[in-house]
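Here is the file protein-v3.pdb (PDB, C-alpha atoms).
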```pdb
ATOM      1  CA  MET F   1      55.831  64.169  95.529  1.00  0.00           C
ATOM      2  CA  GLN F   2      58.347  65.205  98.139  1.00  0.00           C
ATOM      3  CA  THR F   3      57.489  67.698 100.813  1.00  0.00           C
ATOM      4  CA  LEU F   4      60.059  70.167 101.993  1.00  0.00           C
ATOM      5  CA  GLU F   5      60.763  70.037 105.658  1.00  0.00           C
ATOM      6  CA  GLU F   6      61.037  73.166 107.694  1.00  0.00           C
ATOM      7  CA  PRO F   7      64.646  73.837 108.568  1.00  0.00           C
ATOM      8  CA  ASP F   8      65.547  73.451 112.180  1.00  0.00           C
ATOM      9  CA  PRO F   9      66.000  77.007 113.575  1.00  0.00           C
ATOM     10  CA  ASP F  10      68.710  75.753 115.906  1.00  0.00           C
ATOM     11  CA  ALA F  11      70.701  74.492 112.936  1.00  0.00           C
ATOM     12  CA  LEU F  12      70.816  78.011 111.504  1.00  0.00           C
ATOM     13  CA  ALA F  13      71.788  79.686 114.759  1.00  0.00           C
ATOM     14  CA  PRO F  14      75.444  80.515 115.307  1.00  0.00           C
ATOM     15  CA  THR F  15      77.315  77.930 117.285  1.00  0.00           C
ATOM     16  CA  PRO F  16      79.173  78.923 120.448  1.00  0.00           C
ATOM     17  CA  ILE F  17      82.446  78.473 118.548  1.00  0.00           C
ATOM     18  CA  ARG F  18      81.319  80.847 115.771  1.00  0.00           C
ATOM     19  CA  GLN F  19      80.079  83.357 118.326  1.00  0.00           C
ATOM     20  CA  ASN F  20      83.389  83.169 120.156  1.00  0.00           C
ATOM     21  CA  GLN F  21      85.311  83.724 116.907  1.00  0.00           C
ATOM     22  CA  ALA F  22      83.140  86.722 116.051  1.00  0.00           C
ATOM     23  CA  VAL F  23      83.718  88.222 119.497  1.00  0.00           C
ATOM     24  CA  LYS F  24      87.486  87.739 119.113  1.00  0.00           C
ATOM     25  CA  ARG F  25      87.463  89.384 115.660  1.00  0.00           C
ATOM     26  CA  ALA F  26      85.506  92.342 117.010  1.00  0.00           C
ATOM     27  CA  LYS F  27      87.889  92.674 119.969  1.00  0.00           C
ATOM     28  CA  ARG F  28      90.933  92.597 117.640  1.00  0.00           C
ATOM     29  CA  ALA F  29      89.408  95.291 115.439  1.00  0.00           C
ATOM     30  CA  SER F  30      88.654  97.397 118.506  1.00  0.00           C
ATOM     31  CA  ASN F  31      92.222  96.940 119.782  1.00  0.00           C
ATOM     32  CA  ARG F  32      93.643  97.919 116.369  1.00  0.00           C
ATOM     33  CA  ASP F  33      91.552 101.076 116.293  1.00  0.00           C
ATOM     34  CA  GLU F  34      92.464 102.004 119.860  1.00  0.00           C
ATOM     35  CA  ALA F  35      96.165 101.336 119.255  1.00  0.00           C
ATOM     36  CA  LEU F  36      96.121 103.567 116.163  1.00  0.00           C
ATOM     37  CA  ARG F  37      94.268 106.299 118.069  1.00  0.00           C
ATOM     38  CA  LEU F  38      96.873 106.210 120.837  1.00  0.00           C
ATOM     39  CA  ARG F  39      99.724 106.244 118.302  1.00  0.00           C
ATOM     40  CA  LYS F  40      98.222 109.348 116.683  1.00  0.00           C
ATOM     41  CA  GLN F  41      98.328 110.944 120.136  1.00  0.00           C
ATOM     42  CA  GLY F  42     102.072 110.351 120.213  1.00  0.00           C
ATOM     43  CA  LEU F  43     102.394 107.320 122.475  1.00  0.00           C
ATOM     44  CA  SER F  44     105.190 104.834 121.907  1.00  0.00           C
ATOM     45  CA  PHE F  45     104.463 101.218 121.006  1.00  0.00           C
ATOM     46  CA  ASP F  46     105.484 100.138 124.507  1.00  0.00           C
ATOM     47  CA  ALA F  47     103.195 102.712 126.149  1.00  0.00           C
ATOM     48  CA  ILE F  48     100.310 101.613 123.923  1.00  0.00           C
ATOM     49  CA  GLY F  49     100.982  97.972 124.765  1.00  0.00           C
ATOM     50  CA  LEU F  50     101.032  98.795 128.462  1.00  0.00           C
ATOM     51  CA  ARG F  51      97.660 100.546 128.220  1.00  0.00           C
ATOM     52  CA  LEU F  52      96.106  97.701 126.246  1.00  0.00           C
ATOM     53  CA  GLY F  53      97.673  94.914 128.308  1.00  0.00           C
ATOM     54  CA  VAL F  54      99.961  93.497 125.598  1.00  0.00           C
ATOM     55  CA  LYS F  55     103.598  93.703 124.528  1.00  0.00           C
ATOM     56  CA  GLY F  56     104.763  96.731 122.559  1.00  0.00           C
ATOM     57  CA  SER F  57     105.476  94.508 119.564  1.00  0.00           C
ATOM     58  CA  THR F  58     101.860  93.314 119.594  1.00  0.00           C
ATOM     59  CA  ALA F  59     100.659  96.923 119.685  1.00  0.00           C
ATOM     60  CA  ALA F  60     102.985  97.727 116.769  1.00  0.00           C
ATOM     61  CA  GLY F  61     101.479  94.847 114.794  1.00  0.00           C
ATOM     62  CA  TRP F  62      97.961  96.063 115.520  1.00  0.00           C
ATOM     63  CA  ILE F  63      98.911  99.541 114.333  1.00  0.00           C
ATOM     64  CA  ARG F  64     100.419  98.157 111.116  1.00  0.00           C
ATOM     65  CA  ASP F  65      97.219  96.166 110.527  1.00  0.00           C
ATOM     66  CA  ALA F  66      95.053  99.214 111.238  1.00  0.00           C
ATOM     67  CA  ILE F  67      97.066 101.342 108.813  1.00  0.00           C
ATOM     68  CA  ARG F  68      96.873  98.679 106.095  1.00  0.00           C
ATOM     69  CA  SER F  69      93.090  98.489 106.409  1.00  0.00           C
ATOM     70  CA  ALA F  70      92.528 102.225 106.926  1.00  0.00           C
ATOM     71  CA  PRO F  71      91.255 104.572 104.240  1.00  0.00           C
ATOM     72  CA  LEU F  72      94.041 106.298 102.317  1.00  0.00           C
ATOM     73  CA  GLU F  73      93.340 109.661 103.987  1.00  0.00           C
ATOM     74  CA  ASP F  74      93.973 108.162 107.433  1.00  0.00           C
ATOM     75  CA  VAL F  75      97.208 106.547 106.252  1.00  0.00           C
ATOM     76  CA  GLU F  76      98.403 109.887 104.880  1.00  0.00           C
ATOM     77  CA  ASP F  77      97.607 111.545 108.227  1.00  0.00           C
ATOM     78  CA  VAL F  78      99.650 108.952 110.110  1.00  0.00           C
ATOM     79  CA  ARG F  79     102.527 109.257 107.622  1.00  0.00           C
ATOM     80  CA  ALA F  80     102.539 113.061 107.960  1.00  0.00           C
ATOM     81  CA  MET F  81     102.535 112.783 111.747  1.00  0.00           C
ATOM     82  CA  GLU F  82     105.435 110.309 111.729  1.00  0.00           C
ATOM     83  CA  LEU F  83     107.409 112.491 109.304  1.00  0.00           C
ATOM     84  CA  ASP F  84     106.873 115.504 111.595  1.00  0.00           C
ATOM     85  CA  ARG F  85     108.237 113.490 114.513  1.00  0.00           C
ATOM     86  CA  LEU F  86     111.255 112.424 112.497  1.00  0.00           C
ATOM     87  CA  ASP F  87     111.859 116.047 111.486  1.00  0.00           C
ATOM     88  CA  MET F  88     111.867 117.068 115.161  1.00  0.00           C
ATOM     89  CA  LEU F  89     114.351 114.313 115.996  1.00  0.00           C
ATOM     90  CA  LEU F  90     116.529 115.299 113.053  1.00  0.00           C
ATOM     91  CA  ALA F  91     116.507 118.995 113.957  1.00  0.00           C
ATOM     92  CA  GLY F  92     117.529 118.213 117.518  1.00  0.00           C
ATOM     93  CA  ASN F  93     120.552 116.135 116.508  1.00  0.00           C
ATOM     94  CA  PHE F  94     121.693 117.466 113.148  1.00  0.00           C
ATOM     95  CA  GLY F  95     123.897 120.255 114.515  1.00  0.00           C
ATOM     96  CA  ALA F  96     125.836 117.895 116.776  1.00  0.00           C
ATOM     97  CA  ALA F  97     126.237 115.428 113.904  1.00  0.00           C
ATOM     98  CA  VAL F  98     127.663 118.139 111.645  1.00  0.00           C
ATOM     99  CA  ARG F  99     130.071 119.168 114.421  1.00  0.00           C
ATOM    100  CA  GLY F 100     131.421 115.615 114.469  1.00  0.00           C
ATOM    101  CA  ASP F 101     129.522 113.898 117.266  1.00  0.00           C
ATOM    102  CA  VAL F 102     129.628 110.269 116.118  1.00  0.00           C
ATOM    103  CA  ARG F 103     126.564 109.113 118.090  1.00  0.00           C
ATOM    104  CA  SER F 104     124.504 112.019 116.765  1.00  0.00           C
ATOM    105  CA  GLY F 105     125.744 111.248 113.267  1.00  0.00           C
ATOM    106  CA  GLU F 106     124.644 107.623 113.546  1.00  0.00           C
ATOM    107  CA  PHE F 107     121.299 108.713 114.965  1.00  0.00           C
ATOM    108  CA  VAL F 108     120.763 111.223 112.144  1.00  0.00           C
ATOM    109  CA  LEU F 109     121.496 108.528 109.562  1.00  0.00           C
ATOM    110  CA  LYS F 110     118.946 106.189 111.169  1.00  0.00           C
ATOM    111  CA  VAL F 111     116.323 108.942 111.143  1.00  0.00           C
ATOM    112  CA  MET F 112     117.114 109.677 107.493  1.00  0.00           C
ATOM    113  CA  GLU F 113     116.765 105.975 106.619  1.00  0.00           C
ATOM    114  CA  ARG F 114     113.384 105.787 108.353  1.00  0.00           C
ATOM    115  CA  ARG F 115     112.274 108.972 106.582  1.00  0.00           C
ATOM    116  CA  ALA F 116     113.290 107.495 103.214  1.00  0.00           C
ATOM    117  CA  LYS F 117     111.210 104.381 103.981  1.00  0.00           C
ATOM    118  CA  TYR F 118     108.136 106.460 104.831  1.00  0.00           C
ATOM    119  CA  LEU F 119     108.536 108.409 101.607  1.00  0.00           C
ATOM    120  CA  ASN F 120     109.375 105.299  99.552  1.00  0.00           C
ATOM    121  CA  LEU F 121     112.525 106.998  98.249  1.00  0.00           C
ATOM    122  CA  ASP F 122     114.647 103.854  98.013  1.00  0.00           C
ATOM    123  CA  GLN F 123     112.158 102.050  95.752  1.00  0.00           C
ATOM    124  CA  GLN F 124     111.762 105.149  93.590  1.00  0.00           C
ATOM    125  CA  ALA F 125     115.539 105.334  93.175  1.00  0.00           C
ATOM    126  CA  ALA F 126     115.697 101.661  92.159  1.00  0.00           C
ATOM    127  CA  ALA F 127     112.905 102.201  89.633  1.00  0.00           C
ATOM    128  CA  GLY F 128     114.788 105.207  88.230  1.00  0.00           C
ATOM    129  CA  ILE F 129     117.980 103.179  87.807  1.00  0.00           C
ATOM    130  CA  GLU F 130     116.034 100.450  85.999  1.00  0.00           C
ATOM    131  CA  ALA F 131     114.459 103.045  83.686  1.00  0.00           C
ATOM    132  CA  VAL F 132     117.901 104.440  82.831  1.00  0.00           C
ATOM    133  CA  GLY F 133     119.131 100.920  82.089  1.00  0.00           C
ATOM    134  CA  ASN F 134     116.166 100.308  79.781  1.00  0.00           C
ATOM    135  CA  LEU F 135     116.829 103.584  77.984  1.00  0.00           C
ATOM    136  CA  LEU F 136     120.501 102.709  77.491  1.00  0.00           C
ATOM    137  CA  ASP F 137     119.531  99.279  76.131  1.00  0.00           C
ATOM    138  CA  ARG F 138     117.222 100.914  73.594  1.00  0.00           C
ATOM    139  CA  LEU F 139     119.883 103.417  72.582  1.00  0.00           C
ATOM    140  CA  VAL F 140     122.621 100.801  72.190  1.00  0.00           C
ATOM    141  CA  LEU F 141     120.517  97.966  70.779  1.00  0.00           C
ATOM    142  CA  GLY F 142     118.115 100.034  68.758  1.00  0.00           C
ATOM    143  CA  GLU F 143     114.476 100.963  69.334  1.00  0.00           C
ATOM    144  CA  ASP F 144     113.246  97.360  69.398  1.00  0.00           C
ATOM    145  CA  GLY F 145     116.329  95.917  71.123  1.00  0.00           C
ATOM    146  CA  ASP F 146     116.887  93.423  68.270  1.00  0.00           C
ATOM    147  CA  GLN F 147     120.247  94.525  66.879  1.00  0.00           C
TER     148      GLN F 147
END
```
Translate this structure into structure tokens?
Amino acid sequence: MQTLEEPDPDALAPTPIRQNQAVKRAKRASNRDEALRLRKQGLSFDAIGLRLGVKGSTAAGWIRDAIRSAPLEDVEDVRAMELDRLDMLLAGNFGAAVRGDVRSGEFVLKVMERRAKYLNLDQQAAAGIEAVGNLLDRLVLGEDGDQ
């Protein structure tokens, strides 16, 4: 009959490599949370990066990651905040754009494009066009599309 040996407690302990990886993961999560907190306060990506000791593009990536992993309520809060900012930018430049200022007009269009992305308007429009096409196919080809 075989006897079971006691497992070596050192074999079950985390290795220095695993501990190091866990510390790095925790630090990344902390950085993501801090970057999102600073963004909610209105700081730019570059300002956030400067505070956290990284490039602005790295801070932007952390914020995207934090938003993706955040509860839906938090994502909606961030979206509402960003839309409010875009509205302020739009209000400040719309009059000049309407009066013919080309740079203001280009700026207003960029703000409108960003706003449409936040609200997912472009994808909704594409889905609507596809639905109309499907309806026309059914009308022309018959209910089952087999005529």
Residue contacts of stretch 41-53 of chain F (12 Å, only C-alpha atoms) excluding same-chain residues fewer than 6 positions away, as a PDB file with C-alpha atoms, keeping the file's coordinate frame:
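Written file, selection28.pdb:
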```pdb
ATOM      1  CA  LYS F  27      87.889  92.674 119.969  1.00  0.00           C
ATOM      2  CA  ARG F  28      90.933  92.597 117.640  1.00  0.00           C
ATOM      3  CA  SER F  30      88.654  97.397 118.506  1.00  0.00           C
ATOM      4  CA  ASN F  31      92.222  96.940 119.782  1.00  0.00           C
ATOM      5  CA  ARG F  32      93.643  97.919 116.369  1.00  0.00           C
ATOM      6  CA  ASP F  33      91.552 101.076 116.293  1.00  0.00           C
ATOM      7  CA  GLU F  34      92.464 102.004 119.860  1.00  0.00           C
ATOM      8  CA  ALA F  35      96.165 101.336 119.255  1.00  0.00           C
ATOM      9  CA  ALA F  59     100.659  96.923 119.685  1.00  0.00           C
ATOM     10  CA  ALA F  60     102.985  97.727 116.769  1.00  0.00           C
ATOM     11  CA  GLY F  61     101.479  94.847 114.794  1.00  0.00           C
ATOM     12  CA  TRP F  62      97.961  96.063 115.520  1.00  0.00           C
ATOM     13  CA  ILE F  63      98.911  99.541 114.333  1.00  0.00           C
ATOM     14  CA  ARG F  64     100.419  98.157 111.116  1.00  0.00           C
ATOM     15  CA  ASP F  77      97.607 111.545 108.227  1.00  0.00           C
ATOM     16  CA  VAL F  78      99.650 108.952 110.110  1.00  0.00           C
ATOM     17  CA  MET F  81     102.535 112.783 111.747  1.00  0.00           C
ATOM     18  CA  GLU F  82     105.435 110.309 111.729  1.00  0.00           C
ATOM     19  CA  ASP F  84     106.873 115.504 111.595  1.00  0.00           C
ATOM     20  CA  ARG F  85     108.237 113.490 114.513  1.00  0.00           C
TER      21      ARG F  85
END
```
Could you check how far atom CA of F:Arg114 sits from atom CA of F:Leu83, in Å to one decimal? 9.0 Å
Draw an axis-aligned box over all listed atoms of stretch 62-81 of chain F, pad each side with 6 Å, and write its centre and edge lengths in Å, one decimal, as lines of an AutoDock Vina configuration file.
```
center_x = 96.9
center_y = 104.6
center_z = 108.9
size_x = 23.3
size_y = 29.0
size_z = 25.2
```
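With the shown file loaded, the PyMOL selection byres ((chain F and resi 111) around 12) picks out Glu82, Leu83, Asp84, Arg85, Leu86, Asp87, Met88, Leu89, Leu90, Ala91, Gly92, Asn93, Phe94, Ser104, Gly105, Glu106, Phe107, Val108, Leu109, Lys110, Met112, Glu113, Arg114, Arg115, Ala116, Lys117 and Tyr118 of chain F.
Picture a line from atom CA of F:Glu76 to atom CA of F:Arg39; it runs 14.0 Å.
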For the atom pair atom CA of F:Ala70 and atom CA of F:Leu36, what is the interatomic distance in Å to one decimal place? 10.0 Å
